[in-house]
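Engineer: Coordinates in run.txt, compact mmCIF, C-alpha atoms, are listed below.
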```txt
# COMPACT_ATOMS: atom_id res chain seq x y z
CA MET A 545 40.92 -66.23 -23.25
CA LEU A 546 41.22 -63.28 -25.64
CA SER A 547 44.86 -64.11 -26.37
CA HIS A 548 43.69 -67.56 -27.46
CA LEU A 549 40.99 -65.92 -29.60
CA LEU A 550 43.58 -63.69 -31.24
CA ALA A 551 45.83 -66.67 -31.91
CA SER A 552 42.91 -68.65 -33.33
CA VAL A 553 41.85 -65.85 -35.68
CA THR A 554 45.41 -65.31 -36.86
CA GLY A 555 45.95 -69.04 -37.31
CA PHE A 556 42.74 -69.32 -39.34
CA ILE A 557 43.81 -66.46 -41.61
CA LEU A 558 47.26 -67.92 -42.21
CA GLN A 559 45.86 -71.38 -42.90
CA VAL A 560 43.31 -70.10 -45.43
CA ILE A 561 45.95 -68.08 -47.29
CA ASN A 562 48.45 -70.94 -47.28
CA SER A 563 45.93 -73.48 -48.56
CA GLY A 564 43.75 -71.26 -50.75
CA GLY A 565 46.27 -68.95 -52.38
CA TYR A 566 44.71 -66.02 -54.22
CA VAL A 567 41.23 -67.49 -53.73
CA GLY A 568 41.92 -67.68 -50.01
CA ILE A 569 42.84 -63.98 -49.96
CA MET A 570 39.65 -63.14 -51.84
CA PHE A 571 37.60 -65.22 -49.43
CA LEU A 572 39.06 -63.60 -46.30
CA MET A 573 38.78 -60.05 -47.63
CA GLY A 574 35.24 -60.83 -48.70
CA LEU A 575 34.36 -61.88 -45.16
CA GLU A 576 35.86 -58.69 -43.75
CA SER A 577 33.82 -56.56 -46.17
CA ALA A 578 30.69 -58.51 -45.25
CA ALA A 579 31.08 -57.20 -41.67
CA ILE A 580 32.76 -60.34 -40.32
CA PRO A 581 35.53 -59.16 -37.96
CA LEU A 582 38.63 -60.45 -39.77
CA PRO A 583 41.31 -57.73 -39.94
CA SER A 584 42.72 -56.88 -43.35
CA GLU A 585 45.71 -55.59 -41.38
CA ILE A 586 46.68 -59.24 -40.86
CA ILE A 587 45.41 -60.71 -44.14
CA MET A 588 47.23 -58.48 -46.58
CA PRO A 589 50.62 -58.00 -44.85
CA PHE A 590 50.96 -61.78 -44.48
CA SER A 591 50.12 -62.12 -48.17
CA GLY A 592 52.83 -59.55 -48.88
CA PHE A 593 55.23 -61.61 -46.80
CA LEU A 594 54.56 -64.50 -49.16
CA VAL A 595 55.27 -62.28 -52.17
CA HIS A 596 58.86 -62.15 -50.98
CA ALA A 597 58.85 -65.96 -50.76
CA GLY A 598 57.79 -66.16 -54.42
CA ARG A 599 54.33 -67.53 -53.64
CA PHE A 600 52.40 -64.50 -54.91
CA THR A 601 52.91 -61.27 -56.82
CA LEU A 602 52.17 -57.88 -55.26
CA LEU A 603 49.77 -56.99 -58.07
CA GLY A 604 48.08 -60.38 -57.72
CA ILE A 605 47.37 -60.08 -54.00
CA ALA A 606 46.15 -56.49 -54.44
CA LEU A 607 43.70 -57.60 -57.12
CA ALA A 608 42.59 -60.60 -55.05
CA GLY A 609 42.07 -58.38 -52.01
CA ALA A 610 40.11 -55.81 -54.03
CA ILE A 611 37.89 -58.38 -55.76
CA GLY A 612 37.14 -60.11 -52.47
CA SER A 613 36.35 -56.78 -50.83
CA VAL A 614 33.91 -55.84 -53.59
CA LEU A 615 32.13 -59.20 -53.47
CA GLY A 616 31.77 -59.02 -49.70
CA SER A 617 30.63 -55.41 -49.78
CA TRP A 618 27.84 -56.31 -52.22
CA LEU A 619 26.20 -58.30 -49.43
CA THR A 620 26.11 -55.39 -47.00
CA TYR A 621 25.18 -52.99 -49.80
CA PHE A 622 22.06 -55.00 -50.66
CA ILE A 623 21.23 -55.47 -46.98
CA GLY A 624 21.25 -51.70 -46.67
CA LYS A 625 19.35 -51.19 -49.93
CA TYR A 626 16.54 -53.67 -49.39
CA GLY A 627 16.46 -54.01 -45.61
CA GLY A 628 17.36 -50.48 -44.64
CA ARG A 629 18.34 -49.30 -41.19
CA PRO A 630 15.56 -51.28 -39.42
CA LEU A 631 17.08 -54.57 -40.58
CA VAL A 632 20.57 -53.46 -39.61
CA ARG A 633 19.34 -52.32 -36.21
CA LYS A 634 17.54 -55.61 -35.63
CA TYR A 635 20.30 -58.00 -36.68
CA GLY A 636 23.43 -55.88 -36.59
CA HIS A 637 24.43 -57.22 -33.18
CA LEU A 638 25.02 -60.62 -34.78
CA VAL A 639 28.15 -59.16 -36.43
CA PHE A 640 28.91 -56.67 -33.65
CA VAL A 641 27.48 -53.63 -35.43
CA THR A 642 26.43 -51.02 -32.86
CA TYR A 643 24.31 -47.90 -33.12
CA GLU A 644 27.51 -45.88 -32.65
CA ASP A 645 29.08 -47.67 -35.62
CA LEU A 646 26.14 -46.77 -37.82
CA GLU A 647 26.17 -43.15 -36.69
CA MET A 648 29.91 -42.89 -37.33
CA VAL A 649 29.69 -44.40 -40.82
CA ASP A 650 26.58 -42.36 -41.67
CA GLY A 651 28.44 -39.21 -40.67
CA PHE A 652 31.40 -40.20 -42.82
CA PHE A 653 29.12 -40.94 -45.75
CA ASN A 654 27.20 -37.68 -45.42
CA ARG A 655 30.43 -35.70 -45.19
CA PHE A 656 32.16 -37.12 -48.26
CA GLY A 657 29.17 -37.99 -50.45
CA HIS A 658 30.11 -39.91 -53.61
CA TRP A 659 33.73 -40.09 -52.44
CA ALA A 660 32.69 -41.87 -49.24
CA THR A 661 32.95 -45.42 -50.61
CA PHE A 662 36.35 -44.79 -52.17
CA LEU A 663 37.80 -43.10 -49.08
CA GLY A 664 36.00 -45.37 -46.64
CA ARG A 665 37.61 -48.48 -48.10
CA MET A 666 40.96 -47.17 -46.85
CA VAL A 667 39.87 -46.26 -43.31
CA PRO A 668 39.94 -48.99 -40.63
CA VAL A 669 36.51 -49.85 -39.14
CA VAL A 670 34.75 -47.50 -41.58
CA ARG A 671 35.79 -49.76 -44.49
CA THR A 672 33.88 -52.66 -42.96
CA TYR A 673 30.54 -50.86 -42.74
CA ILE A 674 30.63 -48.16 -45.44
CA SER A 675 28.54 -50.35 -47.77
CA LEU A 676 25.51 -50.14 -45.48
CA PRO A 677 24.76 -46.41 -45.85
CA ALA A 678 25.66 -46.67 -49.54
CA GLY A 679 22.88 -49.23 -49.91
CA VAL A 680 20.43 -47.34 -47.67
CA THR A 681 20.87 -44.15 -49.72
CA ARG A 682 20.71 -46.20 -52.93
CA VAL A 683 24.00 -45.13 -54.46
CA LYS A 684 24.13 -46.42 -58.03
CA PHE A 685 25.37 -49.99 -57.92
CA TRP A 686 27.97 -49.57 -60.68
CA GLN A 687 29.30 -46.41 -59.08
CA PHE A 688 29.49 -48.09 -55.69
CA SER A 689 31.28 -51.14 -57.14
CA VAL A 690 33.87 -49.11 -59.07
CA THR A 691 34.77 -46.81 -56.17
CA CYS A 692 34.81 -49.77 -53.80
CA PHE A 693 37.19 -51.68 -56.07
CA ILE A 694 39.61 -48.77 -56.52
CA GLY A 695 39.72 -47.94 -52.81
CA SER A 696 40.08 -51.59 -51.83
CA PHE A 697 42.82 -52.14 -54.41
CA LEU A 698 44.88 -49.25 -53.06
CA TRP A 699 44.36 -50.41 -49.46
CA SER A 700 45.30 -54.00 -50.30
CA LEU A 701 48.32 -52.86 -52.30
CA PHE A 702 49.53 -50.67 -49.45
CA LEU A 703 49.18 -53.38 -46.78
CA GLY A 704 50.70 -56.00 -49.09
CA TRP A 705 53.64 -53.69 -49.78
CA ILE A 706 54.20 -53.29 -46.04
CA GLY A 707 54.31 -57.07 -45.66
CA LEU A 708 56.75 -57.34 -48.56
CA LYS A 709 59.07 -54.71 -47.08
CA LEU A 710 58.99 -56.41 -43.70
CA ALA A 711 59.95 -59.69 -45.35
CA GLN A 712 62.78 -58.10 -47.35
CA ASN A 713 64.28 -56.62 -44.19
CA TRP A 714 63.37 -59.44 -41.83
CA GLU A 715 66.95 -60.26 -40.77
CA ALA A 716 67.48 -56.74 -39.51
CA LEU A 717 63.98 -56.33 -38.09
CA HIS A 718 63.52 -59.74 -36.48
CA PRO A 719 65.56 -59.01 -33.32
CA ILE A 720 63.56 -55.80 -32.85
CA PHE A 721 60.26 -57.62 -33.26
CA GLN A 722 61.36 -60.27 -30.76
CA LYS A 723 61.83 -57.54 -28.16
CA VAL A 724 58.41 -56.00 -28.75
CA ASP A 725 56.41 -59.21 -29.28
CA LEU A 726 55.00 -59.04 -25.77
CA LEU A 727 53.96 -55.41 -26.21
CA ILE A 728 52.26 -56.19 -29.53
CA VAL A 729 50.31 -59.11 -28.03
CA LEU A 730 49.36 -57.00 -25.01
CA ALA A 731 48.17 -54.12 -27.21
CA ALA A 732 46.18 -56.54 -29.39
CA VAL A 733 44.52 -58.13 -26.36
CA ILE A 734 43.64 -54.72 -24.92
CA GLY A 735 42.25 -53.61 -28.28
CA ILE A 736 40.13 -56.72 -28.74
CA THR A 737 38.88 -56.51 -25.14
CA TRP A 738 37.78 -52.90 -25.65
CA TRP A 739 36.19 -53.69 -29.02
CA VAL A 740 34.21 -56.72 -27.83
CA ARG A 741 33.05 -55.09 -24.58
CA ARG A 742 32.00 -51.94 -26.41
CA HIS A 743 29.99 -53.86 -28.97
CA LEU A 744 28.35 -56.19 -26.47
CA LYS A 745 27.38 -53.23 -24.31
CA ASN A 746 26.07 -51.06 -27.13
CA ARG A 747 24.27 -53.41 -29.46
CA VAL A 748 22.14 -51.88 -32.17
CA LYS A 749 18.71 -51.07 -30.77
```
Translate this structure into structure tokens?

Structural biologist:
Amino acid sequence: MLSHLLASVTGFILQVINSGGYVGIMFLMGLESAAIPLPSEIIMPFSGFLVHAGRFTLLGIALAGAIGSVLGSWLTYFIGKYGGRPLVRKYGHLVFVTYEDLEMVDGFFNRFGHWATFLGRMVPVVRTYISLPAGVTRVKFWQFSVTCFIGSFLWSLFLGWIGLKLAQNWEALHPIFQKVDLLIVLAAVIGITWWVRRHLKNRVK
């Protein structure tokens, strides 16, 4: 079941990018930043793969990823700002946000202060939820937006570059990937199983 879910999510991402181009990348990265579980680790490397095919430019996909991330993060920022933790606690389970997630991101935010948004946009999991404590603590909107954009741009550029390098060396790497395909799928299924079970068990109270 979960392997089919993984395939469906991946297929959706690839279809949106293929049909939507830069706007599709913005849309997907916006969803991820709005706490919808779509991994940027799939979105941006595939976009980088298409840079090698001449469909996109590396700068273009990085900008699209960053703009989409900022737009999506505005939603969670304002949820945090105007709804606060009570709203997140009440409805967070709808997007698999647990109490542990909030505690982790709050700790990250308290530790790094004004740098939290910038750094958080480049840390898996944290990047998805960092906008919530930024809104709750009422970080200045312009400051939040700028640091979010810069961090998201660097993250998108890095992942896109990885996809580009994979594409450039695909002939040499393809036989290796064929041998480890099963391990990758198995690891992904195990990861998704753990993630879903953890979030269903520990919904925000």

Engineer: Rounded to one decimal in Å, what is the spacing between atom CA of Ser552 of chain A and atom CA of Gly704 of chain A?

Structural biologist: 21.7 Å

Engineer: Taking into account only C-alpha atoms, which residue in the set A:Phe662, A:Phe685, A:Trp699, A:Phe571 is nearest to Gly616 of chain A?

Structural biologist: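 Looking at the shortest contact to Gly616 of chain A, the residue is A:Phe571.
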
Engineer: Between atom CA of Val690 of chain A and atom CA of Arg655 of chain A, what is the spacing in Å?

Structural biologist: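 Atom-to-atom, atom CA of Arg655 of chain A and atom CA of Val690 of chain A are spaced 19.6 Å apart.
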
Engineer: Can you work out which one of A:Phe622, A:Leu602, A:Val595, A:Ser577 has the shortest atom-to-atom distance to Val670 of chain A, counting only C-alpha atoms?

Structural biologist: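 Smallest separation from Val670 of chain A among the options: A:Ser577.
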
Engineer: Could you pull the residues within 10 Å of Tyr673 of chain A, counting only C-alpha atoms, minus those fewer than 4 positions along the same chain, as a list in words?

Structural biologist: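 Neighbouring residues, sequence-local ones excluded: Glu576, Ser577, Ala578, Ala579, Ser617, Thr620, Tyr621, Val641, Asp645, Leu646, Met648, Val649, Asp650, Thr661, Gly664, Arg665, Pro668, Val669, Pro677 and Ala678 of chain A.
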
Engineer: To one decimal in Å, tell me the separation between atom CA of Ile706 of chain A and atom CA of Ile605 of chain A.

Structural biologist: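 These atoms are spaced 12.5 Å apart.
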
Engineer: Taking into account only C-alpha atoms, which residue in the set A:Leu676, A:Ile623, A:Cys692, A:Leu631 is nearest to Phe652 of chain A?

Structural biologist: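 Checking each candidate against Phe652 of chain A, we get A:Leu676 as the closest.
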
Engineer: Under the rule that all atoms listed in the file are counted, which of A:Ile611, A:Ile674, A:Ser591, A:Gln687 is the nearest residue to Leu703 of chain A?

Structural biologist: A:Ser591

Engineer: Can you tell me which residues surround Phe590 of chain A at a distance of at most 10 Å, considering only C-alpha atoms, apart from same-chain residues fewer than 5 positions away, and format the answer as a list in words?

Structural biologist: Ile557, Leu558, Ile561, Asn562, Ser584, Glu585, Val595, Leu703, Gly704, Ile706, Gly707, Leu708, Leu710 and Ala711 of chain A

Engineer: Keeping only C-alpha atoms, write those residues as a PDB file, in the frame of the given file.

Structural biologist:
```
ATOM      1  CA  ILE A 557      43.810 -66.460 -41.610  1.00  0.00           C
ATOM      2  CA  LEU A 558      47.260 -67.920 -42.210  1.00  0.00           C
ATOM      3  CA  ILE A 561      45.950 -68.080 -47.290  1.00  0.00           C
ATOM      4  CA  ASN A 562      48.450 -70.940 -47.280  1.00  0.00           C
ATOM      5  CA  SER A 584      42.720 -56.880 -43.350  1.00  0.00           C
ATOM      6  CA  GLU A 585      45.710 -55.590 -41.380  1.00  0.00           C
ATOM      7  CA  VAL A 595      55.270 -62.280 -52.170  1.00  0.00           C
ATOM      8  CA  LEU A 703      49.180 -53.380 -46.780  1.00  0.00           C
ATOM      9  CA  GLY A 704      50.700 -56.000 -49.090  1.00  0.00           C
ATOM     10  CA  ILE A 706      54.200 -53.290 -46.040  1.00  0.00           C
ATOM     11  CA  GLY A 707      54.310 -57.070 -45.660  1.00  0.00           C
ATOM     12  CA  LEU A 708      56.750 -57.340 -48.560  1.00  0.00           C
ATOM     13  CA  LEU A 710      58.990 -56.410 -43.700  1.00  0.00           C
ATOM     14  CA  ALA A 711      59.950 -59.690 -45.350  1.00  0.00           C
TER      15      ALA A 711
END
```

Engineer: Compare A:Gly592, A:Gly657, A:Pro630, A:Gly565 by their minimum atom-to-atom distance to Gln712 of chain A, counting only C-alpha atoms, and give me the closest one.

Structural biologist: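 With only C-alpha atoms as the atom set, the closest residue is A:Gly592.
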
Engineer: So which residues touch Phe697 of chain A within 9 Å, counting only C-alpha atoms, skipping near sequence neighbours fewer than 6 positions away, as a PyMOL selection string?

Structural biologist: chain A and resi 606-611+613+665

Engineer: Measuring atom to atom with all atoms listed in the file, identify which of A:Ser675, A:Thr601, A:Ser689, A:Asn654 is nearest to Trp705 of chain A.

Structural biologist: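 For Trp705 of chain A, the nearest of the candidates is A:Thr601.
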